[in-house]
Structure formats: C-alpha cells, structure tokens
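Chemist: Below you will find the structure I want to go over with you.
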Amino acid sequence: MSKIRGIQIHYLESIKGGMAQFFTPQASNETMLVQIPANTVDDLFVHKSQTDQLLVVKGRFVLVTLINKQYQYIPLSEKYPAVVTIPPGVLHGAINTTPEPCVIVNAVLRHREPQKLDYVTRGRPFPYDLEAAEAAIRNLEATKQIYCK
C-alpha cells in the first residue's frame, strides 16, 4: 500500500471462481459509476463531507492531487486493479489523455450530508504538467510489467 498525504493506494488481490475473478468489495454508504470522457483535463475539486474510494473498471487515467503547492500525478488503470482512497479536504482532479473514456466505481463514505461545494470545481492555481501525467502512466505500466513477470 502506498500513501500520499492521507491518500491511500491499495492494489487489489483476487480469487478466481470458474471463469470469473472476484475482488474484495469496498464498504460504502453509496456507490457511484463515474465516466471520465476521452481527452479530458479536469479542474480540481474537494469534498468536505465524503471520502472517495476509486477503482478503475475500464480504461486508465491520472488522478491529480495538489499537496503543498505541488501536483502529484497518480496513474490508475484497469490492468492493475487498485483502490485509491481520497479523504475529505484533499484537492483532486482527473486527466484522461486517451481516445477512450475511463469508467470508475466510487464507493463513497459519507461523513455528513453532501454540501453544494463538494461538487464545484475549484480551478487550477497553475497548469498541470501533462508530460508528467503521461510519464506516470508509462511508469505504472513499466513497473507492473516487471513486477508481474
């Protein structure tokens, strides 16, 4: 498991039953299916009343967080199942530079009733480094190929 300022990344293990693979479900108050369109660079937003638990089920994208005035680029892909937990108060956004949409399951943990500002973008204080985001995806694939051999 990896951790960046309260953000946790947990790569999932599975068990096989017949032809299907089963992954550990995440406890939640509600589950949302989220689609990040192709060729999308999304602004930052922050939730005050919920914890997000994200799992990519189709495609790939880069989760962007702003920590100590620096962007962190966290690559996520259906090829390497992982749950990313984003606690309340962490600015985050999404970059999907692929020609295909990315589909995510968000197992939301509610801490109180949703607030209007929980879903309002906050903009970007400075531009994302798209080259760093692309490099993060390449590094994920290279690292996992070595690790999985």
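By order in the structure tokens, chains are A, B, ...; within a chain, residues start at 1; ligands start at 1, following the order shown.
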DSSP says helix (DSSP H, G or I) for which residues of chain A? Put them as a list in words?

Modeler: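 Those in chain A that DSSP calls helix (DSSP H, G or I) are Lys116, Leu117, Asp118, Tyr119, Leu130, Glu131, Ala132, Ala133, Glu134, Ala135, Ala136, Ile137, Arg138, Asn139, Leu140, Glu141, Ala142, Thr143, Lys144, Gln145, Ile146, Tyr147 and Cys148 of chain A.
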
Chemist: Please list as a list in words every residue within 6 Å of stretch 31-40 of chain A, counting only C-alpha atoms and excluding residues in the same chain fewer than 3 positions away.

Modeler: Ile95, Asn96, Thr97, Thr98, Pro99, Glu100, Pro101, Cys102, Val103, Ile104, Val105, Asn106, Ala107 and Val108 of chain A

Chemist: Run DSSP on the backbone and grab whatever in stretch 2-139 of chain A lands in strand (DSSP E or B); send it over as a ChimeraX atom specification.

Modeler: /A:2-4,7-11,14-17,20-23,30-36,40-41,44-45,50-58,60-67,70-77,82-86,92-96,102-110,123

Chemist: If I take atom CA of A:Ala133 and atom CA of A:Pro87, how far is one from the other in Å, to one decimal?

Modeler: 21.7 Å

Chemist: So how far away is atom CA of A:Arg124 from atom CA of A:Glu30, in Å?

Modeler: 28.3 Å

Chemist: What's the separation between atom CA of A:Gln115 and atom CA of A:Val90, in Å to one decimal place?

Modeler: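 Between these atoms lies a distance of 15.1 Å.
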
Chemist: Identify, on the basis of only C-alpha atoms, every residue whose closest approach to stretch 49-52 of chain A does not exceed 9 Å; exclude the query and any residue fewer than 5 positions from it along the same chain; express the result as a ChimeraX atom specification.

Modeler: /A:84-89,106-115,118

Chemist: If you count only C-alpha atoms, which residues fall within 6 Å of stretch 60-70 of chain A, apart from same-chain ones fewer than 3 positions away, as a ChimeraX atom specification?

Modeler: /A:73-77,91-96,102
